[in-house]
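**Q** Structure file target_38.txt (compact mmCIF, C-alpha atoms) right here:
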# COMPACT_ATOMS: atom_id res chain seq x y z
CA MET A 1 0.00 0.00 0.00
CA ILE A 2 1.47 3.33 -1.06
CA SER A 3 1.73 5.94 1.70
CA ASP A 4 0.28 9.47 1.68
CA GLU A 5 3.83 10.85 1.63
CA ASP A 6 4.74 8.82 -1.48
CA LEU A 7 1.52 9.86 -3.23
CA GLU A 8 2.23 13.50 -2.45
CA GLN A 9 5.71 13.18 -3.99
CA LEU A 10 4.29 11.54 -7.13
CA ARG A 11 1.82 14.42 -7.53
CA TYR A 12 4.71 16.87 -7.81
CA LYS A 13 6.71 14.86 -10.35
CA GLY A 14 4.26 14.94 -13.24
CA GLU A 15 3.74 12.36 -15.98
CA SER A 16 6.69 10.35 -17.27
CA ALA A 17 7.60 6.83 -18.36
CA ASP A 18 6.83 5.55 -14.85
CA ARG A 19 3.87 7.80 -13.95
CA ASP A 20 0.49 8.12 -15.65
CA PHE A 21 -2.30 10.34 -14.31
CA LYS A 22 -5.93 9.55 -15.13
CA GLN A 23 -8.79 11.88 -14.21
CA ALA A 24 -11.55 9.29 -14.54
CA GLN A 25 -11.85 5.66 -13.49
CA TYR A 26 -11.49 3.05 -16.23
CA PRO A 27 -14.75 1.40 -17.34
CA PHE A 28 -14.62 -2.19 -16.13
CA SER A 29 -17.68 -3.87 -14.63
CA GLY A 30 -20.22 -4.19 -17.44
CA ALA A 31 -17.91 -2.46 -19.93
CA THR A 32 -17.30 -3.61 -23.51
CA ASP A 33 -14.10 -5.37 -24.60
CA HIS A 34 -13.10 -2.21 -26.45
CA GLN A 35 -13.46 -0.13 -23.27
CA LYS A 36 -11.65 -2.62 -21.03
CA SER A 37 -8.81 -2.97 -23.53
CA GLU A 38 -7.83 0.63 -22.75
CA LEU A 39 -7.10 -0.33 -19.14
CA LEU A 40 -5.20 -3.44 -20.25
CA LYS A 41 -3.17 -1.41 -22.74
CA ASP A 42 -2.08 1.10 -20.07
CA ILE A 43 -1.03 -1.67 -17.67
CA LEU A 44 0.94 -3.41 -20.43
CA ALA A 45 2.60 -0.17 -21.51
CA MET A 46 3.64 0.62 -17.94
CA ALA A 47 4.98 -2.92 -17.42
CA ASN A 48 7.07 -2.66 -20.61
CA ALA A 49 8.34 0.87 -19.92
CA TYR A 50 12.04 1.61 -19.46
CA ARG A 51 12.32 2.55 -15.78
CA ALA A 52 14.51 1.93 -12.73
CA GLY A 53 11.73 1.39 -10.19
CA PRO A 54 8.00 0.68 -9.99
CA GLY A 55 5.53 2.36 -12.31
CA TYR A 56 2.29 4.00 -11.17
CA ILE A 57 -1.06 4.65 -12.82
CA LEU A 58 -2.75 7.21 -10.57
CA ILE A 59 -6.51 7.38 -11.10
CA GLY A 60 -8.44 10.41 -9.90
CA PHE A 61 -5.54 12.81 -10.58
CA LYS A 62 -5.39 15.56 -13.20
CA ASP A 63 -1.94 16.31 -14.62
CA GLN A 64 -1.25 20.05 -14.76
CA MET A 65 2.51 20.42 -15.08
CA PRO A 66 4.48 22.42 -14.09
CA HIS A 67 2.13 22.44 -11.09
CA PRO A 68 1.38 19.38 -8.93
CA ALA A 69 -1.31 17.05 -10.23
CA GLU A 70 -4.76 18.00 -8.96
CA VAL A 71 -6.62 15.43 -6.86
CA VAL A 72 -10.04 15.31 -8.55
CA GLY A 73 -11.13 11.92 -7.19
CA ILE A 74 -13.33 9.24 -8.70
CA ALA A 75 -16.91 8.23 -8.00
CA ALA A 76 -17.37 5.50 -5.40
CA SER A 77 -19.63 3.76 -7.92
CA GLY A 78 -16.54 3.18 -10.08
CA HIS A 79 -15.13 0.60 -7.68
CA ILE A 80 -13.10 -2.17 -9.34
CA ASP A 81 -12.65 -5.44 -7.50
CA ASP A 82 -8.95 -6.25 -7.22
CA ALA A 83 -9.48 -10.01 -7.59
CA ALA A 84 -11.57 -9.50 -10.74
CA LEU A 85 -8.95 -7.18 -12.23
CA GLN A 86 -6.10 -9.58 -11.43
CA GLN A 87 -8.00 -12.45 -13.09
CA PHE A 88 -8.80 -10.27 -16.11
CA VAL A 89 -5.14 -9.35 -16.72
CA ARG A 90 -3.92 -12.88 -15.98
CA SER A 91 -6.23 -14.33 -18.63
CA LYS A 92 -5.20 -11.84 -21.33
CA VAL A 93 -1.42 -11.45 -20.91
CA ASP A 94 1.70 -13.57 -21.32
CA PRO A 95 3.83 -14.05 -19.30
CA LEU A 96 2.31 -13.58 -15.84
CA LEU A 97 2.26 -9.86 -15.06
CA GLU A 98 2.49 -8.80 -11.42
CA PHE A 99 0.79 -5.60 -10.27
CA GLN A 100 -1.17 -4.22 -7.31
CA TYR A 101 -4.48 -2.35 -7.43
CA GLU A 102 -5.81 -0.36 -4.49
CA GLU A 103 -8.53 2.19 -3.82
CA ARG A 104 -8.27 4.64 -0.94
CA LEU A 105 -8.98 8.12 0.34
CA PHE A 106 -6.39 10.79 -0.37
CA ASP A 107 -6.78 14.49 0.30
CA GLY A 108 -10.42 13.76 1.20
CA LYS A 109 -11.20 12.16 -2.17
CA HIS A 110 -11.59 8.60 -3.43
CA VAL A 111 -8.67 7.62 -5.69
CA ALA A 112 -7.18 4.42 -7.13
CA ILE A 113 -3.57 3.39 -7.71
CA ILE A 114 -2.12 0.68 -9.94
CA THR A 115 1.46 -0.18 -8.99
CA VAL A 116 3.53 -2.17 -11.49
CA PRO A 117 6.88 -3.41 -10.10
CA ARG A 118 9.91 -3.97 -12.31
CA GLN A 119 9.90 -7.50 -13.71
CA PRO A 120 11.28 -9.35 -16.74
CA ARG A 121 9.79 -8.03 -20.01
CA PRO A 122 8.27 -8.02 -22.57
CA PHE A 123 4.53 -8.53 -21.92
CA ALA A 124 1.94 -8.85 -24.67
CA PRO A 125 -1.72 -9.83 -25.17
CA ASN A 126 -2.10 -13.58 -25.75
CA LYS A 127 -5.00 -12.93 -28.17
CA ASP A 128 -6.70 -10.11 -30.01
CA TYR A 129 -8.78 -8.17 -27.52
CA GLY A 130 -10.66 -4.94 -28.14
CA LYS A 131 -8.19 -2.52 -29.71
CA LEU A 132 -5.20 -4.71 -28.78
CA LYS A 133 -3.44 -7.09 -31.15
CA LYS A 134 -2.11 -10.50 -30.18
CA ASN A 135 1.65 -10.69 -29.42
CA THR A 136 2.07 -6.94 -29.86
CA VAL A 137 4.23 -5.26 -27.24
CA TYR A 138 2.93 -1.88 -26.07
CA VAL A 139 5.44 0.38 -24.32
CA ARG A 140 5.13 3.71 -22.54
CA ARG A 141 7.56 6.38 -23.73
CA GLY A 142 7.39 9.60 -21.76
CA SER A 143 3.67 10.31 -21.47
CA SER A 144 2.57 8.41 -24.59
CA THR A 145 2.15 4.75 -25.59
CA ASP A 146 3.58 3.12 -28.74
CA GLU A 147 4.09 -0.33 -30.21
CA ALA A 148 7.59 -1.69 -29.63
CA SER A 149 9.72 -2.82 -32.55
CA MET A 150 11.26 -6.29 -32.78
CA SER A 151 14.68 -4.90 -31.85
CA GLU A 152 13.18 -3.17 -28.80
CA MET A 153 11.55 -6.41 -27.70
CA SER A 154 14.88 -8.22 -27.95
CA LYS A 155 16.62 -5.48 -25.97
CA MET A 156 13.96 -5.71 -23.25
CA ALA A 157 14.49 -9.45 -22.86
CA LEU A 158 18.28 -9.09 -22.78
CA ALA A 159 18.22 -6.17 -20.36
CA ASP A 160 15.90 -7.94 -17.92
CA ALA A 161 17.38 -11.43 -18.14
CA GLY A 162 17.93 -12.50 -14.57
CA SER A 163 17.28 -8.99 -13.25
CA SER A 164 14.07 -9.82 -11.44
CA LYS A 165 12.74 -12.86 -9.68
CA THR A 166 9.39 -13.65 -8.18
CA ILE A 167 9.36 -13.03 -4.44
CA HIS A 168 7.37 -15.34 -2.20
CA VAL A 169 7.30 -14.58 1.52
CA ASP A 170 5.00 -15.57 4.37
CA LEU A 171 4.54 -13.02 7.16
CA ARG A 172 3.08 -14.18 10.47
CA ILE A 173 1.59 -11.72 12.95
CA ASP A 174 1.09 -13.74 16.14
CA THR A 175 0.44 -13.28 19.83
CA GLU A 176 3.03 -14.19 22.47
CA ARG A 177 1.37 -17.65 22.53
CA ASN A 178 2.24 -18.22 18.84
CA THR A 179 -1.41 -18.03 17.79
CA PRO A 180 -2.59 -15.65 15.04
CA LEU A 181 -3.29 -12.15 16.35
CA PRO A 182 -7.10 -11.89 16.52
CA ALA A 183 -9.13 -9.11 14.97
CA TYR A 184 -10.82 -8.31 18.31
CA LEU A 185 -9.37 -7.82 21.80
CA LYS A 186 -10.84 -6.67 25.10
CA LEU A 187 -8.51 -4.73 27.41
CA SER A 188 -8.73 -2.63 30.57
CA PHE A 189 -7.77 1.04 30.49
CA LEU A 190 -6.84 2.33 33.95
CA GLU A 191 -6.33 6.02 34.67
CA PHE A 192 -4.77 7.30 37.92
CA GLY A 193 -4.70 10.83 39.25
CA ASP A 194 -1.93 12.25 41.43
CA LEU A 195 -0.56 9.77 43.94
CA PRO A 196 1.34 10.57 47.16
CA ASP A 197 4.89 9.56 48.01
CA TYR A 198 5.27 6.14 49.59
CA GLU A 199 6.42 6.30 53.19
CA GLU A 200 7.27 3.69 55.83
CA GLU A 201 7.48 4.14 59.55
CA SER A 202 7.86 1.81 62.52
CA TRP A 203 6.42 2.15 65.99
CA ILE A 204 8.24 0.92 69.13
CA ASP A 205 6.32 0.11 72.28
CA MET A 206 7.90 2.09 75.16
CA GLY A 207 5.65 0.58 77.83
CA ASN A 208 2.85 2.12 79.85
CA GLY A 209 0.90 2.53 76.64
CA LEU A 210 3.48 4.80 75.09
CA ARG A 211 4.79 4.32 71.55
CA THR A 212 7.42 6.21 69.61
CA ARG A 213 7.82 6.46 65.85
CA MET A 214 11.07 5.27 64.28
CA PRO A 215 12.21 5.89 60.70
CA SER A 216 12.34 2.94 58.33
CA MET A 217 15.46 0.80 58.63
CA ARG A 218 15.64 0.12 54.88
CA ILE A 219 15.90 2.11 51.66
CA VAL A 220 12.40 3.28 50.78
CA ASN A 221 11.15 3.73 47.22
CA ARG A 222 9.16 6.97 47.49
CA ASP A 223 7.83 6.46 43.94
CA TYR A 224 6.41 3.03 44.79
CA TYR A 225 2.76 4.06 44.34
CA ARG A 226 3.43 5.91 41.09
CA GLU A 227 5.55 3.08 39.68
CA GLY A 228 2.88 0.59 40.71
CA ALA A 229 0.21 2.62 38.93
CA ASP A 230 2.37 2.81 35.79
CA TYR A 231 2.94 -0.95 35.92
CA TYR A 232 -0.76 -1.81 36.06
CA VAL A 233 -1.80 0.89 33.59
CA THR A 234 0.76 -0.41 31.09
CA HIS A 235 0.23 -4.15 31.46
CA ASN A 236 -3.57 -3.96 31.36
CA ARG A 237 -3.52 -2.28 27.94
CA THR A 238 -0.58 -4.13 26.38
CA VAL A 239 -0.96 -6.13 23.16
CA LEU A 240 2.07 -8.34 22.54
CA VAL A 241 2.89 -9.04 18.90
CA ARG A 242 5.32 -11.69 17.65
CA LEU A 243 6.53 -11.25 14.05
CA SER A 244 8.19 -13.79 11.78
CA LEU A 245 8.89 -13.94 8.05
CA ALA A 246 9.43 -17.10 6.00
CA ASN A 247 11.26 -16.93 2.66
CA ARG A 248 9.31 -19.15 0.24
CA SER A 249 11.33 -17.95 -2.77
CA ASP A 250 13.83 -20.23 -4.50
CA PHE A 251 16.65 -17.76 -3.83
CA ALA A 252 18.03 -15.96 -0.78
CA LEU A 253 16.82 -12.55 0.35
CA GLY A 254 19.46 -10.18 1.68
CA GLU A 255 19.23 -7.36 4.23
CA VAL A 256 15.67 -8.33 5.13
CA LYS A 257 13.89 -5.77 7.28
CA LEU A 258 10.38 -5.35 8.68
CA GLU A 259 8.87 -1.97 9.54
CA LEU A 260 5.93 -2.10 11.94
CA SER A 261 3.59 0.83 12.53
CA CYS A 262 0.13 1.13 14.01
CA SER A 263 -2.49 3.83 13.35
CA ALA A 264 -5.68 4.65 15.23
CA LEU A 265 -8.77 5.42 13.17
CA GLN A 266 -10.73 7.40 15.79
CA GLY A 267 -8.22 9.90 17.10
CA GLU A 268 -6.62 7.66 19.70
CA SER A 269 -2.88 7.12 19.70
CA ILE A 270 -0.61 4.17 20.32
CA ARG A 271 2.83 3.62 21.75
CA ILE A 272 5.24 0.87 20.66
CA LEU A 273 7.86 -0.73 22.94
CA ARG A 274 10.14 -3.72 22.93
CA SER A 275 8.56 -6.22 25.31
CA ASP A 276 11.70 -6.19 27.46
CA ASP A 277 11.24 -2.43 27.92
CA LEU A 278 7.88 -2.88 29.66
CA PRO A 279 7.97 -1.76 33.31
CA GLU A 280 8.61 -4.45 35.89
CA GLU A 281 6.49 -4.80 39.02
CA PRO A 282 8.01 -2.31 41.48
CA ARG A 283 9.29 -2.89 45.01
CA SER A 284 8.62 -0.66 47.97
CA GLY A 285 12.22 -0.69 49.11
CA ASP A 286 15.54 -2.47 49.64
CA PHE A 287 16.83 -3.80 46.30
CA LEU A 288 15.40 -1.10 44.08
CA TYR A 289 17.41 -2.11 41.02
CA ARG A 290 15.99 -5.32 39.61
CA GLY A 291 17.53 -5.35 36.15
CA GLY A 292 15.53 -4.67 33.03
CA PHE A 293 17.98 -2.05 31.77
CA ARG A 294 20.09 -2.98 28.80
CA GLY A 295 23.62 -1.66 28.50
CA LEU A 296 24.72 0.62 25.67
CA VAL A 297 26.57 -2.19 23.88
CA ASP A 298 23.47 -4.40 24.05
CA GLN A 299 21.32 -1.61 22.65
CA LEU A 300 23.70 -1.08 19.73
CA ARG A 301 23.43 -4.78 18.90
CA GLU A 302 19.64 -4.80 19.01
CA GLN A 303 17.82 -6.09 15.96
CA VAL A 304 14.52 -4.53 17.10
CA SER A 305 14.44 -0.76 17.67
CA ILE A 306 11.72 1.88 18.00
CA ASP A 307 11.89 5.28 16.28
CA GLU A 308 9.59 7.76 18.05
CA ARG A 309 10.69 10.89 16.20
CA ALA A 310 7.89 10.80 13.60
CA ALA A 311 4.19 11.48 14.11
CA GLU A 312 3.67 7.75 14.64
CA PRO A 313 6.24 5.42 16.24
CA LEU A 314 7.95 3.04 13.83
CA CYS A 315 9.47 -0.29 14.84
CA HIS A 316 12.46 -1.51 12.81
CA ILE A 317 13.13 -5.27 12.81
CA LEU A 318 16.35 -6.50 11.17
CA LEU A 319 16.32 -10.13 10.00
CA GLY A 320 19.51 -10.22 7.93
CA THR A 321 19.77 -12.81 5.14
CA LEU A 322 17.00 -15.39 4.75
CA ARG A 323 17.91 -18.47 2.72
CA PRO A 324 15.24 -20.29 0.70
CA GLY A 325 12.86 -21.95 3.16
CA GLU A 326 14.34 -20.12 6.16
CA THR A 327 12.21 -18.25 8.71
CA GLY A 328 13.44 -15.15 10.50
CA ARG A 329 11.91 -14.02 13.80
CA ALA A 330 12.06 -10.74 15.66
CA GLU A 331 14.46 -11.12 18.57
CA THR A 332 11.79 -9.92 21.02
CA ASP A 333 8.05 -9.46 21.06
CA ILE A 334 6.71 -5.98 20.31
CA ALA A 335 4.34 -4.32 22.79
CA LEU A 336 1.53 -2.15 21.43
CA LEU A 337 0.06 0.26 24.01
CA PRO A 338 -3.21 1.83 22.77
CA THR A 339 -4.50 4.86 24.69
CA GLY A 340 -8.09 3.68 24.58
CA PRO A 341 -10.74 1.55 22.84
CA GLY A 342 -11.09 1.90 19.08
CA ASP A 343 -10.11 0.55 15.68
CA TYR A 344 -6.40 0.28 14.89
CA ILE A 345 -4.53 -0.68 11.71
CA LEU A 346 -1.36 -2.68 12.20
CA ARG A 347 0.86 -2.21 9.13
CA VAL A 348 4.03 -4.18 8.30
CA ARG A 349 6.34 -3.26 5.41
CA ILE A 350 8.64 -6.01 4.14
CA LEU A 351 11.93 -4.81 2.62
CA ALA A 352 14.95 -6.60 1.17
CA LYS A 353 17.68 -6.01 -1.42
CA GLU A 354 15.76 -8.12 -3.93
CA ILE A 355 12.37 -6.45 -3.32
CA ALA A 356 12.06 -3.39 -5.58
CA THR A 357 8.77 -2.22 -4.03
CA PRO A 358 8.18 -2.92 -0.32
CA ILE A 359 5.49 -5.52 0.33
CA VAL A 360 2.83 -4.18 2.71
CA LYS A 361 0.62 -6.32 4.94
CA GLU A 362 -2.15 -4.91 7.15
CA HIS A 363 -4.12 -6.25 10.11
CA LEU A 364 -7.25 -4.48 11.38
CA LEU A 365 -7.54 -4.70 15.16
CA LYS A 366 -10.68 -3.71 17.06
CA ILE A 367 -10.03 -3.04 20.75
CA GLU A 368 -12.80 -2.68 23.30
CA GLY A 369 -12.68 -2.24 27.06
CA GLU A 370 -13.72 -0.15 30.02
CA VAL A 371 -11.92 3.07 30.92
CA ARG A 372 -11.68 3.16 34.73
CA GLN A 373 -10.73 6.10 36.93
CA MET A 374 -8.53 4.81 39.77
CA GLY A 375 -7.20 6.20 43.03
CA LEU A 376 -4.88 5.09 45.81
CA GLU A 377 -7.65 3.05 47.41
CA ASP A 378 -7.97 1.06 44.15
CA LEU A 379 -4.21 0.66 43.77
CA MET A 380 -3.57 -0.76 47.24
CA PRO A 381 -5.36 -4.11 46.64
CA LEU A 382 -3.34 -4.55 43.44
CA LEU A 383 -0.01 -3.86 45.13
CA TYR A 384 -0.72 -6.10 48.12
CA ARG A 385 -2.76 -8.81 46.42
CA GLU A 386 -0.24 -11.53 47.37
CA TYR A 387 -0.61 -10.75 51.08
CA LEU A 388 -4.38 -10.49 50.78
CA ASP A 389 -4.52 -13.86 49.00
CA GLN A 390 -2.44 -15.46 51.77
CA GLU A 391 -4.79 -14.15 54.46
CA GLU A 392 -7.76 -15.67 52.64
Starting from the file, give its structure as structure tokens.

**A**
Amino acid sequence: MISDEDLEQLRYKGESADRDFKQAQYPFSGATDHQKSELLKDILAMANAYRAGPGYILIGFKDQMPHPAEVVGIAASGHIDDAALQQFVRSKVDPLLEFQYEERLFDGKHVAIITVPRQPRPFAPNKDYGKLKKNTVYVRRGSSTDEASMSEMSKMALADAGSSKTIHVDLRIDTERNTPLPAYLKLSFLEFGDLPDYEEESWIDMGNGLRTRMPSMRIVNRDYYREGADYYVTHNRTVLVRLSLANRSDFALGEVKLELSCSALQGESIRILRSDDLPEEPRSGDFLYRGGFRGLVDQLREQVSIDERAAEPLCHILLGTLRPGETGRAETDIALLPTGPGDYILRVRILAKEIATPIVKEHLLKIEGEVRQMGLEDLMPLLYREYLDQEE
């Protein structure tokens, strides 16, 4: 799925061999062969174009160079089913042509994008269809489409020989129990107000009914209540995610990387942490350091890191080289911390040296749960539950 930032950049670049702007949606459902052949011709021409990266057909955009393309949008009634379009192209073209079709909102308008990755050429219709001729190679040059000559077709095949291979990967988005992450979860959202310092004091019986107060004989954690509140607030709203990627290709993938982000659809926000950065249950005193802090050298060696500098946190997961049939796993689970109930989109981008256009997988997660206002009187039973259980 192409991002808003990438779409905005494409708007400013204008039409070229790898960009084609279309104001109106292509006729498809219920259209004639002649009408549908126009869509097929543009996909073929983009696939056969001379370009270094992926090609884009941007539908619902009006080219107006030297100014950025205008977002005019398309009617919702012009929806094209991706599966139907894939089957249509597959049945009309040789060899198999890979592309992605998506519809989405951009700048408040409904648009569609066809992304055609670089792959071995040439492509041609396998039969006469509409205005297209069998075995004729259509190629995009600049902002126009022509028929390729025999010499051009030979050059395409030679230039692309061995330059692109079909990528097959299997991404798993699991829970910490190695079961698929569900689409629905129920959590508890606790909210605490200001909490006092934690204090300890001892009383010594002086006889004759007199007692005197003595200071605590151990190191006291004055933040005990606040740390306890943070612990229970965090753990009650934590969603643990375990990511793995299997290479099903017949060749190795190098410098494999996953990028995990999560967006809220209703104005909530979400935080992302390594699971080993989650707060530990605090102690009221004595041995206040209980581990959980990784040294600088360990952090530099981490294969899972969180970048919080952007509007949304981004988790980077380095998997290195994956041989054919090999599965790479994130070195630690990832903790998602939503601020409240709502719908969230978990998005994973798959990158590697051999992948020209990142592969994007999404998981819609609906989270429900009660938002509870808590005070010290509610926190105390949580902090001392072990002692209360023993008394029972």

**Q** Excluding same-chain residues fewer than 5 positions from His316 of chain A, what lies within 12 Å of it counting all atoms listed in the file, as a list in words?

**A**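 In the requested form, the answer reads Leu243, Val256, Lys257, Leu258, Glu259, Leu260, Ser261, Ile272, Leu273, Arg274, Glu302, Gln303, Val304, Ser305, Ile306, Asp307, Glu308, Ala330, Glu331, Thr332, Ile334, Val348, Arg349, Ile350 and Leu351 of chain A.
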
**Q** Neighbours of segment 49-65 of chain A within 8 Å (only C-alpha atoms; same-chain residues fewer than 6 positions away dropped), as a PyMOL selection string?

**A** chain A and resi 14-15+17-25+43+71-74+110-118+139-141+356-357

**Q** Looking at only C-alpha atoms, which of A:Val93, A:Leu190, A:Leu322, A:Leu379 is the one that sits closest to Asp250 of chain A?

**A**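 Distance minimum relative to Asp250 of chain A lands on A:Leu322.
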
**Q** Atom CA of Gln373 of chain A and atom CA of Ser263 of chain A are how many Å apart?

**A**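 Computed distance, atom CA of Gln373 of chain A to atom CA of Ser263 of chain A, equals 25.1 Å.
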
**Q** Give the answer as one residue: which of A:Ala335, A:Val220, A:Val371, A:Met380 has the shortest atom-to-atom distance to Thr234 of chain A, using only C-alpha atoms?

**A**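 Between A:Ala335, A:Val220, A:Val371, A:Met380, the residue approaching Thr234 of chain A most closely is A:Ala335.
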
**Q** Show which residues sit within 10 Å of Lys366 of chain A, as a list in words. Count all atoms listed in the file, and ignore same-chain residues fewer than 2 positions away.

**A** Pro182, Ala183, Tyr184, Leu185, Lys186, Ala264, Pro341, Gly342, Asp343, Tyr344, Ile345, His363, Leu364 and Glu368 of chain A

**Q** Tell me which protein, DNA and RNA residues are within 7 Å of Glu191 of chain A, counting only C-alpha atoms, leaving out same-chain ones fewer than 6 positions away, and put them as a list in words.

**A**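 Residues near the query, excluding close chain neighbours: Val233, Arg372, Gln373 and Met374 of chain A.
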
**Q** Which residue out of A:Ser144, A:His79, A:Leu376, A:Asp277 has the minimum interatomic distance to Asp194 of chain A when all atoms listed in the file are used?

**A** A:Leu376

**Q** What's the 12 Å shell around Tyr232 of chain A, counting all atoms listed in the file, without same-chain residues fewer than 2 positions away, as a ChimeraX atom specification?

**A** /A:187-192,225-230,234-238,278-282,374,378-383

**Q** Figure out the distance between atom CA of Ser249 of chain A and atom CA of Asp170 of chain A, please, to one decimal in Å.

**A** 9.8 Å

**Q** Could you complete segment 370-386 of chain A so that it carries N, CA and C atoms, and give it back as a PDB file, keeping the file's coordinate frame?

**A**
ATOM      1  N   GLU A 370     -13.255  -1.202  29.137  1.00  0.00           N
ATOM      2  CA  GLU A 370     -13.720  -0.150  30.020  1.00  0.00           C
ATOM      3  C   GLU A 370     -12.581   0.781  30.401  1.00  0.00           C
ATOM      4  N   VAL A 371     -12.869   2.076  30.417  1.00  0.00           N
ATOM      5  CA  VAL A 371     -11.920   3.070  30.920  1.00  0.00           C
ATOM      6  C   VAL A 371     -12.291   3.358  32.366  1.00  0.00           C
ATOM      7  N   ARG A 372     -11.389   3.059  33.296  1.00  0.00           N
ATOM      8  CA  ARG A 372     -11.680   3.160  34.730  1.00  0.00           C
ATOM      9  C   ARG A 372     -10.808   4.220  35.390  1.00  0.00           C
ATOM     10  N   GLN A 373     -11.452   5.109  36.139  1.00  0.00           N
ATOM     11  CA  GLN A 373     -10.730   6.100  36.930  1.00  0.00           C
ATOM     12  C   GLN A 373     -10.333   5.457  38.253  1.00  0.00           C
ATOM     13  N   MET A 374      -9.054   5.506  38.601  1.00  0.00           N
ATOM     14  CA  MET A 374      -8.530   4.810  39.770  1.00  0.00           C
ATOM     15  C   MET A 374      -7.871   5.802  40.726  1.00  0.00           C
ATOM     16  N   GLY A 375      -7.876   5.419  42.003  1.00  0.00           N
ATOM     17  CA  GLY A 375      -7.200   6.200  43.030  1.00  0.00           C
ATOM     18  C   GLY A 375      -6.326   5.304  43.880  1.00  0.00           C
ATOM     19  N   LEU A 376      -5.756   5.867  44.941  1.00  0.00           N
ATOM     20  CA  LEU A 376      -4.880   5.090  45.810  1.00  0.00           C
ATOM     21  C   LEU A 376      -5.610   3.919  46.439  1.00  0.00           C
ATOM     22  N   GLU A 377      -6.887   4.134  46.783  1.00  0.00           N
ATOM     23  CA  GLU A 377      -7.650   3.050  47.410  1.00  0.00           C
ATOM     24  C   GLU A 377      -7.859   1.881  46.447  1.00  0.00           C
ATOM     25  N   ASP A 378      -7.852   2.142  45.136  1.00  0.00           N
ATOM     26  CA  ASP A 378      -7.970   1.060  44.150  1.00  0.00           C
ATOM     27  C   ASP A 378      -6.622   0.401  43.887  1.00  0.00           C
ATOM     28  N   LEU A 379      -5.548   1.181  44.034  1.00  0.00           N
ATOM     29  CA  LEU A 379      -4.210   0.660  43.770  1.00  0.00           C
ATOM     30  C   LEU A 379      -3.732  -0.283  44.867  1.00  0.00           C
ATOM     31  N   MET A 380      -4.087   0.024  46.117  1.00  0.00           N
ATOM     32  CA  MET A 380      -3.570  -0.760  47.240  1.00  0.00           C
ATOM     33  C   MET A 380      -3.871  -2.252  47.116  1.00  0.00           C
ATOM     34  N   PRO A 381      -5.108  -2.673  46.784  1.00  0.00           N
ATOM     35  CA  PRO A 381      -5.360  -4.110  46.640  1.00  0.00           C
ATOM     36  C   PRO A 381      -4.528  -4.763  45.539  1.00  0.00           C
ATOM     37  N   LEU A 382      -4.173  -3.994  44.512  1.00  0.00           N
ATOM     38  CA  LEU A 382      -3.340  -4.550  43.440  1.00  0.00           C
ATOM     39  C   LEU A 382      -1.908  -4.745  43.925  1.00  0.00           C
ATOM     40  N   LEU A 383      -1.394  -3.772  44.667  1.00  0.00           N
ATOM     41  CA  LEU A 383      -0.010  -3.860  45.130  1.00  0.00           C
ATOM     42  C   LEU A 383       0.178  -4.945  46.183  1.00  0.00           C
ATOM     43  N   TYR A 384      -0.859  -5.160  46.995  1.00  0.00           N
ATOM     44  CA  TYR A 384      -0.720  -6.100  48.120  1.00  0.00           C
ATOM     45  C   TYR A 384      -1.583  -7.342  47.931  1.00  0.00           C
ATOM     46  N   ARG A 385      -1.871  -7.672  46.671  1.00  0.00           N
ATOM     47  CA  ARG A 385      -2.760  -8.810  46.420  1.00  0.00           C
ATOM     48  C   ARG A 385      -2.186 -10.119  46.940  1.00  0.00           C
ATOM     49  N   GLU A 386      -0.846 -10.287  46.898  1.00  0.00           N
ATOM     50  CA  GLU A 386      -0.240 -11.530  47.370  1.00  0.00           C
ATOM     51  C   GLU A 386      -0.508 -11.731  48.861  1.00  0.00           C
TER      52      GLU A 386
END
